[in-house]
Structure formats: structure tokens, C-alpha cells
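A.B. asks: Just dropping this structure here.
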Amino acid sequence: MTDHTGMVYVYGVVAAEGSGPPKAEGIEAAPVRLVGRPDLGALVSDLDADALSAPKAVRAHWRVLEEASANATVVPARFGMVLADDDAVRTELLEVNEPALAALLQELAGKVQLTVKGEYDEDAMLREVVRTTPAVAALNARISSVPADAAYYDRIRLGELVAEEVERRRLADTDQALRLLTPVAVEVSEQEVRTATAAFDLAFLVPRDGVEAFTKAVRALDEAVGDRIALSYVGPAPPYSFAEANLDQGSPAWA
Amino acid sequence: MAVATQPRGYIDRPRPSGLADVIEVILDKGIVIDAFVRVSLIGIEILTIDARIVIASVDTYLRFAEAVNRLDIVQNSDSEGLPDLVGSMTESGAKSKVKGLAEGAKDALGSGDDDDSDSDSDDSESKSRSRRRSSSSSGGSSRSRSRSRSSSS
């Protein structure tokens with residue numbers, strides 16, 4: 001394939017032998033190509049625009065990686081990696097970082113990412129907090145007896161107390177989830193929770209042939225948390241959360 | 001709510017992931033090389049900045065206070081052994097959730113995606129955007145504890 005001399009968008013790094021690039025359309029509907037050597041390549045597509053619509057681009061990024069990882073090991077790039085041209089991909093990304101990338105590819109080979117998130121039933125949780133925390137119950141009672149605007153700072157304080165209690169539960173529940181699930185995973189990555197009622201957000205690296213055993217453990221967790229926490233169990237996905245490496249950039253020829 | 005939760009019941013297998021499930025890690029994780037050409041991405045601010053919610057924030061505190069207060073209306077007849085009617089009354093009322101990354105991102109992505117059937121976001125008042133958490137890890141947008149347990153492949 002002839003070299004592209006304009007900017008290229010990079011989706012991820014693959015051990016290129018075997019199946020060709022994914023059929024999924026890349027960003028701006030550009031076809032996805034492989035750049036690099038047979039044993040270490042990058043999935044890229046040409047990028048001619050200088051402005052992109054992020055929502056569409058994110059979707060394309062995701063589709064390409066999903067498809068590519070269905071039958072090969074892929075080290076996902078973070079969304080938004082753009083290099084000057086094919087040559088930059090070969091040198092600045094692949095050559096300079098060959099040891100780190102090869103090690104990652106080996107580490108991730110045959111493994112998938114499974115994500116387990118927990119979400120509290122808010123009302124049930126808050127009722128429990130009120131019941132078990134006298135300070136919350138007392139402050140709540142006081143606030144209820146005065147007009148809303150009069151108790152502004154008390155309400156903030158009340159919410160703060162509640163938030164502390166929620167955080168305490170979050171930590172305990174996260175520990176429980178980790179206790180049950182890490183023994184059947186190779187690695188775990190804990191994401192910060194994103195909503196006030198989220199209990200935990202955990203990504204696990206699991207061998208493809210270990211998914212069943214992992215599912216069993218998720219089931220055990222589900223039984224343990226009961227109705228307090230609704231679980232979302234998602235995957236298998238490309239190992240996004242485990243594609244971490246300190247990559248150098250070499251000296252950019254285009255700078 | 002940020003994630004589409006599975007109906008309560010037997011967990012048989014993982015649910016195939018939709019974009020909404022992985023948007024956070026796509027923006028946050030994965031290999032990076034430092035200086036790359038900056039292409040202007042329209043809407044990326046929405047995806048990245050909206051991505052954070054402040055859990056330790058006044059917004060969140062006020063919302064918690066309000067939620068607790070709402071429980072209280074039916075509750076203060078008797079503080080222990082909540083009567084059954086509490087359950088049925090509050091069940092219907094209070095499903096608002098603080099809107100976080102996934103929501104913001106999903107809004108930005110349009111609603112075409114797979115599994116975001118939960119469009120009960122009647123709570124745009126609490127769309128906080130800035131980084132959360134003063135305690136524990138500073139700086140990073142996510143603390144990630146990675147433990148390698150075995151390295152066979």
C-alpha cells in the first residue's frame with residue numbers, strides 16, 4: 001500500500017500478522033489500514049480534515065477497535081492520537097517504542113476486558129443512611145422544621161454528612177467486589193465513579209477462556225450485594241484500561 | 001443513571017458493550033504519545049470536560065439533602081421500622097440522578113446508541129462539571145490500581 005503523506009489517525013497497535021485491517025469505516029469514513037511491520041503494526045486511517053466532529057469520531061474509533069479486537073490482540077490508543085504521516089507512525093510510534101509495545105502486546109494477548117459497575121438503589125441507600133447515622137437523622141429533622149431558605153447551610157451540611165456515609169459504603173462495597181473478582185482476573189483497574197449513586201466501576205483483564213469462571217464470580221457478587229446494588233456486567237471489550245505504557249516520541253521529523 | 005443496569009436476575013454472561021459503556025475509558029485510557037498534531041475536534045470539550053462530576057460538591061450535597069428530606073416526608077411519623085407505604089411512595093418519586101460523564105457524553109453522541117434506554121434525566125440542574133475528589137489520588141482523572149497477578153499469556 002502506498003504511503004499516505006498527510007496526517008493519519010491512529011486507533012491502536014496490533015501484532016499485524018494474520019487478519020487484515022478491520023472493515024469498519026474509520027474516522028470521516030476513511031478506510032482503515034495497517035502501517036508497520038508484520039509483527040508490529042498500527043491501525044490507522046487518513047485524516048484530511050482539520051476539524052472533526054468528536055461524537056462521530058469517537059464512535060468510529062470505538063467500532064474499529066471493537067472489530068479489530070474480535071480476532072486479534074490490539075493495544076488501544078487513547079482517542080485522539082494523530083500523527084504527521086505514515087512515516088511518523090513507523091518511526092515515532094512503532095520503532096521508538098518497540099520494546100514497550102511488544103511487551104504490551106504479549107501481556108494482553110488472548111485477554112479481554114470485562115467491566116463490572118455497581119449502582120446503588122438511591123432511596124434504599126439513603127433510608128439506610130438515615131437509619132444508621134444519628135447525626136443525619138437529627139439534622140434532617142431540624143431542617144424539616146424550618147423554611148427551606150433558612151436552612152441553606154444546614155442542608156449543605158446534611159448533604160455532606162450523607163455523602164461521607166455514601167463514600168464509606170462505596171469503599172466497603174468496592175472491597176467486597178475486588179475480593180470476589182480479582183482472584184479470577186489477571187489484572188484490575190479501578191475507575192473513579194462518575195455519579196453520586198455509583199458504587200464502583202471496575203475493569204478486569206481476563207483470559208478469553210476464563211470468562212466463564214469470571215462470570216461465576218460476578219454471579220456470586222450479585223448474590224452478595226442483593227437488591228442494594230444493581231450490577232452492570234459488560235464485555236468482552238478491547239483491553240482499553242490496560243493499555244498503559246510510557247511511550248516516547250523520538251524526535252519528530254515534522255516539527 | 002450512568003449505566004444501563006441489567007434486570008435483576010440470573011447473570012448468565014456479560015452484556016455486549018455499547019459505546020456508552022466504554023466512552024470513559026476510550027477518552028481516558030489507552031496508549032498515548034505525548035506530542036501529536038492537534039486536530040480540532042468539535043465537541044471534544046463536551047466529551048472530556050463534562051466527563052467529570054463533582055461528587056464532593058455543593059450541588060451533590062444539596063441534592064442528597066433534598067433526597068433525604070423527601071424520604072423524610074413519609075418517614076417522620078416513625079423513625080424506626082419504616083412502614084411499607086414508604087417503599088411504595090418513594091419508589092415512584094425519586095429516580096433523579098446526578099448527571100455524569102456518561103450522560104453528558106451520551107448527549108453529545110446523540111441518542112442513537114445501543115443501550116442507553118434510560119433517558120430519565122430530568123435533572124439537568126445538577127450537571128456539575130469539574131473534577132471531583134480532593135482526598136486520595138490527586139491529579140489523575142482516575143485512580144487505577146493495577147495488580148498483576150500472573151503474567152502468563
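Please note that chains go A, B, ... in the order of the C-alpha cells, that every chain numbers its residues from 1, and that ligands are numbered from 1 in the order shown.
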Considering only C-alpha atoms, return as a list in words whatever protein or nucleic-acid residues lie within 8 Å of Thr5 (chain A), sequence-local ones (same chain, fewer than 3 positions apart) excluded.

C.D. replies: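 Counting only C-alpha atoms, the residues come to Ala84, Asp85 and Asp86 of chain A.
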
A.B. asks: Would you output that residue set with N, CA and C atoms, as an mmCIF file, in the first residue's frame?

C.D. replies:
```
data_model
loop_
_atom_site.group_PDB
_atom_site.id
_atom_site.type_symbol
_atom_site.label_atom_id
_atom_site.label_comp_id
_atom_site.auth_asym_id
_atom_site.auth_seq_id
_atom_site.Cartn_x
_atom_site.Cartn_y
_atom_site.Cartn_z
ATOM 1 N N ALA A 84 1.842 12.779 12.009
ATOM 2 C CA ALA A 84 2.060 13.590 10.811
ATOM 3 C C ALA A 84 1.821 12.799 9.522
ATOM 4 N N ASP A 85 2.281 11.563 9.502
ATOM 5 C CA ASP A 85 2.121 10.757 8.294
ATOM 6 C C ASP A 85 2.497 9.305 8.603
ATOM 7 N N ASP A 86 2.455 8.464 7.596
ATOM 8 C CA ASP A 86 2.774 7.051 7.805
ATOM 9 C C ASP A 86 4.181 6.870 8.372
#
```

A.B. asks: Any idea what's packed within 12 Å of Thr132 (chain A), counting only C-alpha atoms, ignoring anything in its chain fewer than 3 positions away? Could you give it as a ChimeraX atom specification?

C.D. replies: /A:125-129,135-138,162,165-166,169 /B:79-81

A.B. asks: Show me a table, sorted first by chain and then by increasing residue number, of the residues of chain A having an atom at most 7 Å from chain B, each with its shortest atom pair and the distance in Å to one decimal, counting only C-alpha atoms and written as a Markdown table.

C.D. replies:
```
| residue | atom | partner | partner_atom | distance |
| --- | --- | --- | --- | --- |
| A:Asp50 | CA | B:Val39 | CA | 5.4 |
| A:Ala51 | CA | B:Ser40 | CA | 4.7 |
| A:Leu52 | CA | B:Leu41 | CA | 4.7 |
| A:Ser53 | CA | B:Ile42 | CA | 4.7 |
| A:Ala54 | CA | B:Gly43 | CA | 5.2 |
| A:Pro55 | CA | B:Leu109 | CA | 4.7 |
| A:Arg59 | CA | B:Leu19 | CA | 6.9 |
| A:Trp62 | CA | B:Leu19 | CA | 6.8 |
| A:Pro76 | CA | B:Gly30 | CA | 5.2 |
| A:Ala77 | CA | B:Ile31 | CA | 4.5 |
| A:Arg78 | CA | B:Gly30 | CA | 4.2 |
| A:Phe79 | CA | B:Leu27 | CA | 5.5 |
| A:Met81 | CA | B:Phe36 | CA | 6.5 |
| A:Val82 | CA | B:Phe36 | CA | 5.7 |
| A:Leu83 | CA | B:Phe36 | CA | 5.7 |
| A:Ala84 | CA | B:Val37 | CA | 6.7 |
| A:Gln106 | CA | B:Ser153 | CA | 6.9 |
| A:Glu107 | CA | B:Ser153 | CA | 6.2 |
| A:Ala109 | CA | B:Ser153 | CA | 6.1 |
| A:Gly110 | CA | B:Ser153 | CA | 6.8 |
| A:Leu126 | CA | B:Val68 | CA | 6.3 |
| A:Asn140 | CA | B:Asn69 | CA | 6.6 |
| A:Arg155 | CA | B:Ala65 | CA | 5.7 |
| A:Ile156 | CA | B:Tyr61 | CA | 5.4 |
| A:Leu158 | CA | B:Ala65 | CA | 5.7 |
| A:Gly159 | CA | B:Tyr61 | CA | 3.8 |
| A:Glu160 | CA | B:Tyr61 | CA | 5.2 |
| A:Val162 | CA | B:Phe64 | CA | 6.7 |
| A:Ala163 | CA | B:Tyr61 | CA | 6.8 |
| A:Val186 | CA | B:Arg149 | CA | 5.5 |
| A:Glu187 | CA | B:Ser148 | CA | 5.0 |
| A:Val188 | CA | B:Ser146 | CA | 5.3 |
| A:Ser189 | CA | B:Ser144 | CA | 5.0 |
| A:Glu190 | CA | B:Ser144 | CA | 4.7 |
| A:Gln191 | CA | B:Ser142 | CA | 5.3 |
| A:Glu192 | CA | B:Ser142 | CA | 5.1 |
| A:Arg194 | CA | B:Gly100 | CA | 5.6 |
| A:Thr195 | CA | B:Gly100 | CA | 5.5 |
| A:Ala196 | CA | B:Ile55 | CA | 5.8 |
| A:Thr215 | CA | B:Arg13 | CA | 6.2 |
| A:Arg219 | CA | B:Ile11 | CA | 5.7 |
| A:Ala230 | CA | B:Thr5 | CA | 6.2 |
| A:Leu231 | CA | B:Thr5 | CA | 6.0 |
| A:Ser232 | CA | B:Thr5 | CA | 4.8 |
| A:Tyr233 | CA | B:Pro14 | CA | 5.1 |
| A:Val234 | CA | B:Arg15 | CA | 4.7 |
| A:Gly235 | CA | B:Pro16 | CA | 5.1 |
| A:Pro236 | CA | B:Pro16 | CA | 6.6 |
| A:Ala237 | CA | B:Ser17 | CA | 6.7 |
| A:Tyr240 | CA | B:Gly30 | CA | 5.4 |
| A:Ser241 | CA | B:Lys29 | CA | 5.4 |
| A:Ala243 | CA | B:Gly30 | CA | 4.7 |
| A:Glu244 | CA | B:Ile31 | CA | 5.5 |
| A:Ala245 | CA | B:Ile31 | CA | 6.2 |
| A:Leu247 | CA | B:Ile33 | CA | 5.6 |
| A:Asp248 | CA | B:Ile33 | CA | 6.2 |
| A:Gln249 | CA | B:Ile33 | CA | 5.9 |
```

A.B. asks: Which residues are near Ala15 (chain A)? Cut-off 9 Å, only C-alpha atoms, ignore same chain within fewer than 6 positions. Put them as a PyMOL selection string.

C.D. replies: chain A and resi 37-42+72-74+102+105

A.B. asks: So that I have them on file, write out the residues from the current selection with all heavy atoms, as a tab-separated table (two decimals), in the first residue's frame.

C.D. replies:
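Final output, out-v8.tsv:
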```
chain	number	residue	atom	x	y	z
A	37	ARG	N	5.38	-3.19	10.48
A	37	ARG	CA	5.92	-4.49	10.12
A	37	ARG	C	4.88	-5.57	10.36
A	37	ARG	O	3.89	-5.34	11.06
A	37	ARG	CB	7.14	-4.77	10.99
A	37	ARG	CG	8.29	-3.79	10.82
A	37	ARG	CD	9.55	-4.45	11.33
A	37	ARG	NE	9.29	-5.16	12.57
A	37	ARG	CZ	9.72	-4.76	13.79
A	37	ARG	NH1	10.42	-3.66	13.89
A	37	ARG	NH2	9.44	-5.46	14.86
A	38	PRO	N	5.14	-6.75	9.83
A	38	PRO	CA	4.18	-7.84	10.02
A	38	PRO	C	3.94	-8.17	11.49
A	38	PRO	O	2.83	-8.54	11.87
A	38	PRO	CB	4.84	-9.02	9.32
A	38	PRO	CG	5.77	-8.43	8.33
A	38	PRO	CD	6.23	-7.13	8.90
A	39	ASP	N	4.95	-8.03	12.32
A	39	ASP	CA	4.76	-8.43	13.71
A	39	ASP	C	4.42	-7.27	14.63
A	39	ASP	O	4.11	-7.46	15.81
A	39	ASP	CB	6.02	-9.12	14.22
A	39	ASP	CG	7.22	-8.19	14.13
A	39	ASP	OD1	7.23	-7.33	13.23
A	39	ASP	OD2	8.14	-8.32	14.95
A	40	LEU	N	4.48	-6.07	14.11
A	40	LEU	CA	4.16	-4.91	14.95
A	40	LEU	C	3.67	-3.79	14.05
A	40	LEU	O	4.46	-3.17	13.34
A	40	LEU	CB	5.40	-4.45	15.74
A	40	LEU	CG	5.18	-3.31	16.72
A	40	LEU	CD1	4.31	-3.76	17.88
A	40	LEU	CD2	6.51	-2.78	17.24
A	41	GLY	N	2.38	-3.55	14.08
A	41	GLY	CA	1.83	-2.56	13.18
A	41	GLY	C	0.83	-1.67	13.88
A	41	GLY	O	0.45	-1.91	15.03
A	42	ALA	N	0.41	-0.63	13.19
A	42	ALA	CA	-0.60	0.25	13.75
A	42	ALA	C	-1.80	0.30	12.82
A	42	ALA	O	-1.65	0.27	11.60
A	42	ALA	CB	-0.03	1.65	13.94
A	72	ALA	N	-7.99	-10.48	17.02
A	72	ALA	CA	-6.56	-10.24	17.16
A	72	ALA	C	-6.32	-9.50	18.47
A	72	ALA	O	-7.26	-8.99	19.08
A	72	ALA	CB	-6.04	-9.41	16.00
A	73	THR	N	-5.08	-9.45	18.87
A	73	THR	CA	-4.75	-8.68	20.06
A	73	THR	C	-4.46	-7.24	19.66
A	73	THR	O	-3.66	-6.99	18.76
A	73	THR	CB	-3.51	-9.26	20.76
A	73	THR	OG1	-3.78	-10.62	21.08
A	73	THR	CG2	-3.21	-8.49	22.02
A	74	VAL	N	-5.15	-6.33	20.29
A	74	VAL	CA	-4.99	-4.92	19.97
A	74	VAL	C	-4.61	-4.15	21.22
A	74	VAL	O	-5.20	-4.37	22.28
A	74	VAL	CB	-6.31	-4.32	19.41
A	74	VAL	CG1	-6.12	-2.86	19.06
A	74	VAL	CG2	-6.79	-5.10	18.21
A	102	ALA	N	5.79	-4.18	22.24
A	102	ALA	CA	5.85	-5.64	22.11
A	102	ALA	C	5.49	-6.30	23.44
A	102	ALA	O	4.78	-7.30	23.49
A	102	ALA	CB	7.24	-6.06	21.65
A	105	LEU	N	1.74	-6.02	23.92
A	105	LEU	CA	1.03	-6.98	23.05
A	105	LEU	C	1.09	-8.38	23.63
A	105	LEU	O	0.11	-9.11	23.61
A	105	LEU	CB	1.64	-6.96	21.65
A	105	LEU	CG	1.09	-5.91	20.70
A	105	LEU	CD1	1.93	-5.82	19.44
A	105	LEU	CD2	-0.37	-6.26	20.33
```

A.B. asks: Looking only at alpha helix (DSSP H) from DSSP on the backbone, list the matching residues of region 150-206 of chain A as a PyMOL selection string.

C.D. replies: chain A and resi 152-181

A.B. asks: Can you pull out the residues contacting Gly26 (chain A)? Cut-off 10 Å, using only C-alpha atoms, and skip same-chain residues under 3 positions away; I want them as JSON, numbers by chain.

C.D. replies: {"A": [9, 10, 11, 22, 23, 29, 30, 31, 32, 33, 43, 44, 45, 46, 47, 56, 57, 58, 59, 60, 61, 62, 63, 64, 65]}

A.B. asks: Quick one, how far is CA of Thr197 (chain A) from CA of Leu178 (chain A)?

C.D. replies: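 About the pair CA of Thr197 (chain A) and CA of Leu178 (chain A): they are 18.6 Å apart.
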
A.B. asks: From a DSSP pass on the backbone, collect the residues of region 59-168 of chain A flagged as strand (DSSP E) and hand them back as a list in words.

C.D. replies: Val74, Val75, Pro76, Val82, Leu83, Lys111, Val112, Gln113, Leu114, Thr115, Val116, Lys117, Gly118, Glu119 and Tyr120 of chain A

A.B. asks: Please measure the separation of CA of Arg179 (chain A) and CA of Ala203 (chain A), giving the value in Å to one decimal.

C.D. replies: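 Between CA of Arg179 (chain A) and CA of Ala203 (chain A) the gap is 13.8 Å.
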
A.B. asks: Grab the CA of Ala68 (chain A) to CA of Ala49 (chain A) distance for me, in Å with one decimal place.

C.D. replies: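 Distance between the two atoms: 24.0 Å.
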